$ cat data_29.cif   # mmCIF, C-alpha atoms
data_final
loop_
_atom_site.label_atom_id
_atom_site.label_comp_id
_atom_site.auth_asym_id
_atom_site.auth_seq_id
_atom_site.Cartn_x
_atom_site.Cartn_y
_atom_site.Cartn_z
CA MET A 424 9.57 40.69 10.48
CA ASP A 425 12.00 38.32 8.77
CA LEU A 426 11.60 35.77 11.58
CA VAL A 427 7.85 35.45 10.95
CA LEU A 428 8.33 35.21 7.19
CA ARG A 429 11.04 32.56 7.58
CA THR A 430 8.82 30.59 9.97
CA VAL A 431 5.89 30.67 7.52
CA PHE A 432 8.14 29.63 4.63
CA VAL A 433 9.72 26.76 6.56
CA PHE A 434 6.30 25.60 7.82
CA VAL A 435 5.01 25.42 4.24
CA VAL A 436 8.15 23.48 3.25
CA ILE A 437 7.60 21.06 6.18
CA VAL A 438 3.97 20.49 5.16
CA ILE A 439 5.01 19.81 1.56
CA VAL A 440 7.89 17.52 2.57
CA THR A 441 5.85 15.49 5.06
CA ARG A 442 3.07 15.06 2.50
CA ALA A 443 5.63 14.05 -0.14
CA VAL A 444 7.51 11.64 2.13
CA GLY A 445 4.30 9.79 2.81
CA ARG A 446 2.31 8.58 5.76
CA ARG A 447 3.95 5.17 6.06
CA GLU A 448 7.45 6.54 6.47
CA LEU A 449 6.46 9.05 9.12
CA SER A 450 4.33 6.65 11.15
CA SER A 451 6.61 3.61 11.00
CA LEU A 452 9.68 5.55 12.18
CA GLU A 453 12.38 3.23 10.95
CA PRO A 454 15.90 4.35 11.95
CA ILE A 455 16.35 6.28 8.71
CA ASP A 456 13.03 8.09 9.32
CA VAL A 457 14.10 9.06 12.83
CA ILE A 458 17.36 10.42 11.39
CA LEU A 459 15.40 12.33 8.73
CA LEU A 460 13.18 13.90 11.39
CA VAL A 461 16.12 14.85 13.63
CA VAL A 462 18.09 16.32 10.72
CA MET A 463 15.01 18.18 9.53
CA GLY A 464 14.48 19.61 13.01
CA ASP A 465 18.06 20.82 13.19
CA LEU A 466 17.97 22.37 9.72
CA VAL A 467 14.62 24.01 10.46
CA GLN A 468 16.10 25.67 13.54
CA GLN A 469 19.10 26.94 11.58
CA GLY A 470 16.95 28.19 8.74
CA ILE A 471 14.46 30.03 10.88
CA THR A 472 16.43 31.57 13.70
CA GLN A 473 19.86 31.65 12.00
CA SER A 474 22.08 33.57 14.44
CA ASP A 475 19.16 34.88 16.50
CA ASN A 476 19.53 33.45 20.00
CA SER A 477 17.34 36.06 21.66
CA LEU A 478 14.40 35.18 23.88
CA THR A 479 12.22 37.53 21.85
CA GLY A 480 13.17 35.76 18.62
CA THR A 481 12.50 32.33 20.12
CA THR A 482 9.10 33.48 21.41
CA ILE A 483 8.15 34.91 18.02
CA VAL A 484 9.05 31.67 16.24
CA ILE A 485 7.24 29.43 18.73
CA VAL A 486 3.99 31.43 18.74
CA THR A 487 4.06 31.79 14.95
CA MET A 488 4.57 28.05 14.56
CA ALA A 489 1.69 27.40 17.00
CA VAL A 490 -0.60 29.74 15.05
CA LEU A 491 0.32 28.01 11.78
CA VAL A 492 -0.32 24.53 13.22
CA VAL A 493 -3.73 25.54 14.60
CA ALA A 494 -4.60 27.47 11.43
CA THR A 495 -3.75 24.44 9.28
CA ALA A 496 -5.84 22.14 11.48
CA TRP A 497 -8.73 24.65 11.38
CA LEU A 498 -8.53 24.94 7.59
CA GLY A 499 -8.69 21.15 7.30
CA PHE A 500 -11.66 21.07 9.69
CA ARG A 501 -13.51 23.96 8.05
CA PHE A 502 -12.90 23.21 4.37
CA LYS A 503 -13.43 19.63 3.32
CA ARG A 504 -11.69 20.16 -0.01
CA LEU A 505 -8.46 21.15 1.74
CA ARG A 506 -8.41 18.06 3.93
CA PRO A 507 -6.82 15.71 1.36
CA ILE A 508 -4.09 18.28 0.70
CA LEU A 509 -3.34 19.07 4.32
CA GLU A 510 -3.94 15.74 6.01
CA GLY A 511 -4.32 13.14 3.27
CA GLU A 512 -7.20 10.74 2.81
CA PRO A 513 -7.82 7.23 4.14
CA ILE A 514 -7.05 4.59 1.54
CA VAL A 515 -8.73 1.20 1.38
CA VAL A 516 -6.12 -1.54 1.04
CA VAL A 517 -8.19 -4.71 1.62
CA VAL A 518 -11.79 -5.46 0.64
CA ASP A 519 -13.35 -8.78 1.58
CA GLY A 520 -9.99 -10.44 2.09
CA LYS A 521 -8.67 -9.22 -1.27
CA VAL A 522 -5.61 -7.00 -1.10
CA LEU A 523 -5.78 -3.91 -3.33
CA GLU A 524 -2.15 -4.08 -4.38
CA ARG A 525 -2.29 -0.96 -6.50
CA ASN A 526 -3.28 1.13 -3.49
CA LEU A 527 -0.60 -0.55 -1.39
CA HIS A 528 2.09 0.16 -3.99
CA ARG A 529 1.04 3.80 -4.20
CA GLN A 530 1.89 4.08 -0.51
CA ARG A 531 5.09 2.04 -0.88
CA MET A 532 3.64 -0.56 1.47
CA THR A 533 4.29 -4.27 0.99
CA ILE A 534 1.85 -7.12 1.66
CA GLU A 535 4.30 -8.31 4.35
CA GLU A 536 4.00 -4.97 6.15
CA LEU A 537 0.22 -5.16 5.89
CA GLY A 538 0.37 -8.69 7.29
CA ALA A 539 2.50 -7.48 10.19
CA GLU A 540 -0.02 -4.75 10.96
CA ALA A 541 -2.78 -7.40 10.92
CA ARG A 542 -0.85 -9.66 13.27
CA LEU A 543 -0.37 -6.75 15.69
CA GLN A 544 -4.16 -6.55 15.86
CA GLN A 545 -4.52 -10.30 16.51
CA ILE A 546 -5.72 -11.06 12.98
CA GLY A 547 -4.44 -14.43 11.77
CA SER A 548 -5.09 -14.05 8.06
CA LEU A 549 -5.93 -11.25 5.65
CA ALA A 550 -8.72 -13.50 4.38
CA GLU A 551 -10.54 -12.73 7.66
CA VAL A 552 -10.48 -9.00 6.91
CA HIS A 553 -13.61 -7.33 5.63
CA TYR A 554 -11.97 -3.92 5.21
CA ALA A 555 -8.50 -2.61 5.90
CA VAL A 556 -7.92 1.11 5.64
CA LEU A 557 -4.62 2.96 5.68
CA GLU A 558 -5.51 6.02 7.74
CA SER A 559 -4.09 9.47 7.14
CA ASN A 560 -1.93 9.12 10.27
CA GLY A 561 -0.20 6.06 8.77
CA LYS A 562 -1.95 3.48 10.95
CA VAL A 563 -3.96 0.61 9.42
CA SER A 564 -7.51 -0.01 10.64
CA PHE A 565 -8.96 -3.49 10.22
CA LEU A 566 -12.57 -4.55 10.20
CA THR A 567 -12.90 -8.34 10.34
CA ARG A 568 -15.71 -10.33 8.81
CA SER A 569 -16.69 -11.73 12.19
CA MET B 889 -22.63 1.86 32.76
CA SER B 890 -19.10 1.30 33.97
CA ALA B 891 -18.22 3.24 37.10
CA LEU B 892 -15.21 4.70 35.32
CA PHE B 893 -17.46 6.42 32.78
CA GLU B 894 -20.47 7.21 34.94
CA GLU B 895 -19.18 10.36 36.55
CA ILE B 896 -17.87 11.78 33.28
CA ALA B 897 -21.01 10.92 31.29
CA GLU B 898 -23.25 12.79 33.76
CA ASP B 899 -21.86 16.13 32.68
CA THR B 900 -21.79 16.20 28.87
CA SER B 901 -20.61 19.78 28.71
CA PRO B 902 -18.37 20.37 31.73
CA ARG B 903 -17.57 23.95 32.65
CA GLY B 904 -13.84 23.24 32.74
CA VAL B 905 -13.87 22.12 29.12
CA ILE B 906 -15.74 25.25 27.99
CA VAL B 907 -13.44 27.55 29.95
CA GLY B 908 -10.40 25.66 28.66
CA HIS B 909 -11.64 25.96 25.09
CA ARG B 910 -12.19 29.70 25.42
CA ALA B 911 -8.80 30.14 27.07
CA ARG B 912 -7.15 28.25 24.23
CA TRP B 913 -8.78 30.50 21.63
CA ALA B 914 -7.80 33.60 23.61
CA LEU B 915 -4.21 32.38 23.74
CA MET B 916 -4.20 31.62 20.03
CA ALA B 917 -5.52 35.12 19.34
CA LEU B 918 -2.71 36.51 21.50
CA PHE B 919 -0.16 34.40 19.61
CA ALA B 920 -1.53 35.61 16.27
CA LEU B 921 -1.30 39.19 17.54
CA ILE B 922 2.34 38.68 18.59
CA SER B 923 3.14 37.27 15.14
CA ALA B 924 1.38 40.19 13.44
CA VAL B 925 3.24 42.72 15.59
CA ALA B 926 6.52 40.91 14.85
CA LEU B 927 5.67 40.94 11.15
CA MET B 928 5.35 44.72 11.33
CA GLY B 929 8.87 44.87 12.79
CA PHE B 930 8.03 46.08 16.28
CA PHE B 931 10.23 43.45 17.91
CA GLY B 932 13.44 44.81 16.57
CA GLN B 933 15.92 45.22 13.74
CA ARG B 934 13.64 47.50 11.66
CA LEU B 935 15.52 50.55 10.42
CA SER B 936 14.25 53.96 11.40
CA GLU B 937 15.34 57.26 9.85
CA SER B 938 15.86 60.50 11.74
CA ALA B 939 17.12 63.82 10.47
CA ALA B 940 18.19 67.18 11.87
CA VAL B 941 18.71 70.23 9.72
CA GLY B 942 21.23 72.80 10.94
CA PRO B 943 22.46 76.04 9.40
CA ALA B 944 25.61 74.39 8.07
CA ALA B 945 24.57 70.79 7.45
CA THR B 946 21.87 68.17 7.46
CA LEU B 947 22.48 65.22 9.73
CA ARG B 948 20.70 61.92 9.13
CA LEU B 949 20.72 58.75 11.18
CA SER B 950 19.47 55.41 9.92
CA ALA B 951 19.41 52.81 12.69
CA PRO B 952 16.94 50.47 14.39
CA ASN B 953 15.04 51.83 17.39
CA VAL B 954 14.68 48.33 18.78
CA VAL B 955 17.22 45.51 18.58
CA ARG B 956 17.39 42.00 20.01
CA GLY B 957 20.19 40.65 22.15
CA GLY B 958 22.96 38.90 20.23
CA LEU B 959 21.99 40.21 16.81
CA PHE B 960 23.97 42.28 14.34
CA PHE B 961 22.73 45.64 13.18
CA GLN B 962 23.89 48.64 11.23
CA SER B 963 23.71 52.34 11.93
CA ARG B 964 24.42 54.87 9.21
CA VAL B 965 25.21 58.51 9.83
CA GLU B 966 24.99 60.84 6.87
CA ILE B 967 26.20 64.43 6.80
CA ARG B 968 25.39 66.76 3.93
CA ALA B 969 27.19 70.05 4.28
CA SER B 970 25.34 73.13 3.10
CA ARG B 971 28.25 75.37 4.14
CA SER B 972 31.86 74.45 4.57
CA ILE B 973 32.66 72.71 7.85
CA GLU B 974 36.26 73.12 8.92
CA HIS B 975 36.42 70.46 11.64
CA PRO B 976 33.48 68.04 11.31
CA ARG B 977 33.10 65.98 14.44
CA VAL B 978 30.53 63.28 15.02
CA VAL B 979 29.69 62.91 18.68
CA LEU B 980 28.13 59.62 19.71
CA ALA B 981 26.21 59.16 22.96
CA ARG B 982 27.25 56.54 25.47
CA GLY B 983 24.53 54.10 24.37
CA TRP B 984 26.23 53.62 21.01
CA LEU B 985 29.03 51.63 22.63
CA GLU B 986 27.81 50.59 26.07
CA GLN B 987 27.51 46.76 25.98
CA MET B 988 27.69 46.76 22.18
CA GLN B 989 30.28 44.81 20.21
CA PHE B 990 31.66 47.40 17.82
CA ASN B 991 32.51 45.56 14.59
CA THR B 992 33.02 48.14 11.88
CA LEU B 993 33.40 51.87 11.46
CA GLU B 994 33.90 53.10 7.91
CA PRO B 995 35.37 55.46 6.94
CA GLN B 996 37.84 55.62 9.80
CA PRO B 997 38.03 59.02 11.50
CA MET B 998 41.26 60.99 11.58
CA SER B 999 41.13 60.88 15.34
CA GLU B 1000 38.95 59.71 18.20
CA ALA B 1001 38.49 61.32 21.57
CA GLY B 1002 36.20 61.27 24.57
CA ARG B 1003 33.99 64.09 25.79
CA ASP B 1004 31.93 63.66 28.98
CA GLY B 1005 31.53 59.96 28.39
CA ARG B 1006 30.69 60.45 24.72
CA VAL B 1007 32.84 59.44 21.76
CA VAL B 1008 34.03 62.13 19.36
CA LEU B 1009 35.03 61.12 15.83
CA SER B 1010 36.91 63.77 13.86
CA TYR B 1011 36.88 63.81 10.07
CA ALA B 1012 38.50 65.91 7.37
CA SER B 1013 36.89 69.22 6.44
CA LEU B 1014 33.80 69.24 4.27
CA ASP B 1015 33.06 71.81 1.58
CA ALA B 1016 29.56 73.04 0.87
CA GLY B 1017 27.66 70.31 -0.98
CA ASN B 1018 29.95 67.53 0.27
CA ARG B 1019 28.45 64.40 1.69
CA LEU B 1020 29.99 62.15 4.32
CA VAL B 1021 28.44 58.77 5.05
CA ILE B 1022 29.63 56.77 8.06
CA TRP B 1023 28.71 53.12 8.39
CA THR B 1024 28.90 51.39 11.74
CA GLN B 1025 28.12 47.76 12.45
CA PHE B 1026 27.44 46.31 15.86
CA GLN B 1027 26.46 43.16 17.65
CA VAL B 1028 24.34 43.52 20.76
CA ASN B 1029 25.70 41.99 23.92
CA PRO B 1030 22.88 39.65 25.05
CA VAL B 1031 22.92 41.05 28.59
CA ASN B 1032 22.46 44.62 27.31
CA VAL B 1033 18.71 44.79 27.95
CA GLY B 1034 16.83 48.07 28.30
CA HIS B 1035 16.82 51.59 26.88
CA ARG B 1036 19.92 53.59 26.09
CA SER B 1037 20.64 56.99 24.62
CA TYR B 1038 21.47 56.79 20.93
CA ASP B 1039 21.97 60.50 20.32
CA VAL B 1040 24.28 61.71 17.61
CA GLU B 1041 25.57 65.24 17.21
CA LEU B 1042 27.47 66.99 14.47
CA ASP B 1043 29.91 69.63 15.61
CA ASP B 1044 32.23 71.99 13.82
CA GLY B 1045 35.11 71.90 16.24
CA ASP B 1046 33.35 72.30 19.57
CA ARG B 1047 30.37 74.16 18.12
CA PRO B 1048 27.23 71.99 17.70
CA ILE B 1049 25.63 72.20 14.23
CA ALA B 1050 22.93 69.56 14.31
CA ARG B 1051 21.76 66.98 16.80
CA ILE B 1052 19.46 63.95 16.71
CA ASP B 1053 18.00 62.66 19.98
CA ARG B 1054 17.25 58.99 19.83
CA THR B 1055 17.03 56.02 22.14
CA ILE B 1056 17.72 52.40 21.38
CA THR B 1057 15.82 49.61 23.10
CA VAL B 1058 17.45 46.23 23.49
CA LEU B 1059 15.06 43.30 23.91
CA PRO B 1060 16.25 40.14 25.65
#

$ encode --input "data_29.cif" --output "structure tokens"
Amino acid sequence: MDLVLRTVFVFVVIVIVTRAVGRRELSSLEPIDVILLVVMGDLVQQGITQSDNSLTGTTIVIVTMAVLVVATAWLGFRFKRLRPILEGEPIVVVVDGKVLERNLHRQRMTIEELGAEARLQQIGSLAEVHYAVLESNGKVSFLTRS
Amino acid sequence: MSALFEEIAEDTSPRGVIVGHRARWALMALFALISAVALMGFFGQRLSESAAVGPAATLRLSAPNVVRGGLFFQSRVEIRASRSIEHPRVVLARGWLEQMQFNTLEPQPMSEAGRDGRVVLSYASLDAGNRLVIWTQFQVNPVNVGHRSYDVELDDGDRPIARIDRTITVLP
């Protein structure tokens, strides 16, 4: 019983932490973000299973985690109002070549980082961009004027 | 249309996808069921109470029916004497100790002995109305998988007074 309750609690904590940390950090995976994820994974294991090394315990935790992941995805799919909470919303960061700095700052993203994302998609200048959207998975989508 | 897409586009609702989708939902339902059963404590460590009332005493056992390999658990034996018991002896079945790490036994018995592969713990005499509670703590050896006898008997000397028949199941 306690294993399931601990798994649910830790899952809720993970959802809250990943939403609080922000999409940029988790998608860019700088060295410090990788360390954060590894440390989190280790602490999660300790918190959930504690001294339980049994196969039964491991199975219970894995299936409970799978159910929670699918249930969260289903809730986001079924209830539109929950989507911003569970997955976040896309944020427009460029409109007609003009950078919406306020939106960028809210996501702790610099113009240089936005420029780098543009270059990766073979865009020479932000002035060419009709719309740029920071997606909920942390990636930036560009729609050029041409 | 590109040749790479042609074959796939012909069948917009392939049977494999439908079967796969149904199988996924069936598996998720099974997973949810496993979690629900675990939440109810059927996969171990949930305490279960048993009692046996004899002419001279009531014997109670509080211990899990199911445990998981490697985990700690507690068993509590409680004796409430309704008449005086001159030589109270608690007799534990083999399953109490077979492949179990025995961590604690409190209070310590005056003496320990063996009887047909069972362990006999002898305590000081109990007057009518006296209560003796014995705490035992174990850790399950991970290879100790299966069912074992977890009987406990209260004797006065060699004369049985009360007995609880239980089994313990160890999950891997």

$ resolve_selection --input "data_29.cif" --expression "the PyMOL selection byres ((chain B and resi 992-1002) around 9)" --output "NGL selection string"
:B and (979 or 990-991 or 1003-1012 or 1020-1026)

$ closest_residue --input "data_29.cif" --among "B:Val1040, B:Ile1052, B:Ala981, B:Ile922" --to "chain A" --atoms "only C-alpha atoms"
B:Ile922

$ closest_atom_pairs --input "data_29.cif" --of "stretch 429-530 of chain A" --to "stretch 902-915 of chain B" --cutoff "10 Å" --atoms "all atoms listed in the file" --output "Markdown table"
| residue | atom | partner | partner_atom | distance |
| --- | --- | --- | --- | --- |
| A:Val486 | CA | B:Leu915 | CA | 9.7 |
| A:Val490 | CA | B:Leu915 | CA | 9.8 |
| A:Val493 | CA | B:Trp913 | CA | 10.0 |

$ atom_distance --input "data_29.cif" --atom1 "atom CA of B:Asp1015" --atom2 "atom CA of B:Asp1044"
12.3 Å

$ resolve_selection --input "data_29.cif" --expression "the PyMOL selection byres ((chain A) within 6 of (chain B))" --output "list in words"
Met424, Val427, Ser477, Leu478, Val486 and Thr487 of chain A

$ write_last_selection --input "data_29.cif" --atoms "C-alpha atoms" --output "PDB file, keeping the file's coordinate frame"
ATOM      1  CA  MET A 424       9.570  40.690  10.480  1.00  0.00           C
ATOM      2  CA  VAL A 427       7.850  35.450  10.950  1.00  0.00           C
ATOM      3  CA  SER A 477      17.340  36.060  21.660  1.00  0.00           C
ATOM      4  CA  LEU A 478      14.400  35.180  23.880  1.00  0.00           C
ATOM      5  CA  VAL A 486       3.990  31.430  18.740  1.00  0.00           C
ATOM      6  CA  THR A 487       4.060  31.790  14.950  1.00  0.00           C
TER       7      THR A 487
END

$ residues_around --input "data_29.cif" --residues "stretch 526-528 of chain A" --least-positions-apart "4" --cutoff "9 Å" --atoms "all atoms listed in the file" --output "PyMOL selection string"
chain A and resi 514-516+522+532-534+537+557

$ closest_residue --input "data_29.cif" --among "A:Leu426, A:Val484, A:Ile546, A:Val492" --to "A:Gly520" --atoms "only C-alpha atoms"
A:Ile546

$ residues_around --input "data_29.cif" --residues "B:Ser938" --least-positions-apart "5" --cutoff "9 Å" --atoms "all atoms listed in the file" --output "number ranges by chain"
B: 947-951, 1052-1054

$ write_last_selection --input "data_29.cif" --atoms "C-alpha atoms" --output "JSON list (two decimals), in the frame of the given file"
[["chain", "number", "residue", "atom", "x", "y", "z"],
["B", 947, "LEU", "CA", 22.48, 65.22, 9.73],
["B", 948, "ARG", "CA", 20.70, 61.92, 9.13],
["B", 949, "LEU", "CA", 20.72, 58.75, 11.18],
["B", 950, "SER", "CA", 19.47, 55.41, 9.92],
["B", 951, "ALA", "CA", 19.41, 52.81, 12.69],
["B", 1052, "ILE", "CA", 19.46, 63.95, 16.71],
["B", 1053, "ASP", "CA", 18.00, 62.66, 19.98],
["B", 1054, "ARG", "CA", 17.25, 58.99, 19.83]]

$ resolve_selection --input "data_29.cif" --expression "the PyMOL selection byres ((chain A and resi 550-556) around 8)" --output "ChimeraX atom specification"
/A:513-521,546-549,557-558,563-569

$ closest_residue --input "data_29.cif" --among "B:Val978, B:Phe961, B:Val1058, B:Glu986" --to "B:Gln1027" --atoms "all atoms listed in the file"
B:Phe961

$ build_atoms --input "data_29.cif" --residues "stretch 543-557 of chain A" --atoms "N, CA and C atoms" --output "short mmCIF file (atom, residue, chain, number, x, y, z; two decimals), keeping the file's coordinate frame"
data_model
loop_
_atom_site.label_atom_id
_atom_site.label_comp_id
_atom_site.auth_asym_id
_atom_site.auth_seq_id
_atom_site.Cartn_x
_atom_site.Cartn_y
_atom_site.Cartn_z
N LEU A 543 -0.39 -7.59 14.49
CA LEU A 543 -0.37 -6.75 15.69
C LEU A 543 -1.77 -6.56 16.26
N GLN A 544 -2.78 -6.71 15.38
CA GLN A 544 -4.16 -6.55 15.86
C GLN A 544 -4.85 -7.91 16.01
N GLN A 545 -4.03 -8.94 16.25
CA GLN A 545 -4.52 -10.30 16.51
C GLN A 545 -5.39 -10.84 15.37
N ILE A 546 -5.02 -10.51 14.14
CA ILE A 546 -5.72 -11.06 12.98
C ILE A 546 -4.79 -12.08 12.34
N GLY A 547 -5.29 -13.33 12.23
CA GLY A 547 -4.44 -14.43 11.77
C GLY A 547 -4.22 -14.46 10.27
N SER A 548 -5.20 -13.97 9.51
CA SER A 548 -5.09 -14.05 8.06
C SER A 548 -5.82 -12.85 7.44
N LEU A 549 -5.26 -12.37 6.32
CA LEU A 549 -5.93 -11.25 5.65
C LEU A 549 -7.28 -11.68 5.05
N ALA A 550 -7.44 -12.99 4.90
CA ALA A 550 -8.72 -13.50 4.38
C ALA A 550 -9.86 -13.21 5.36
N GLU A 551 -9.51 -13.03 6.64
CA GLU A 551 -10.54 -12.73 7.66
C GLU A 551 -11.00 -11.27 7.61
N VAL A 552 -10.24 -10.45 6.86
CA VAL A 552 -10.48 -9.00 6.91
C VAL A 552 -11.59 -8.61 5.95
N HIS A 553 -12.54 -7.86 6.49
CA HIS A 553 -13.61 -7.33 5.63
C HIS A 553 -13.09 -6.07 4.93
N TYR A 554 -12.60 -5.14 5.74
CA TYR A 554 -11.97 -3.92 5.21
C TYR A 554 -10.70 -3.62 5.98
N ALA A 555 -9.70 -3.17 5.25
CA ALA A 555 -8.50 -2.61 5.90
C ALA A 555 -8.27 -1.25 5.27
N VAL A 556 -8.06 -0.27 6.12
CA VAL A 556 -7.92 1.11 5.64
C VAL A 556 -6.62 1.70 6.19
N LEU A 557 -5.81 2.22 5.27
CA LEU A 557 -4.62 2.96 5.68
C LEU A 557 -5.05 4.39 6.00
#
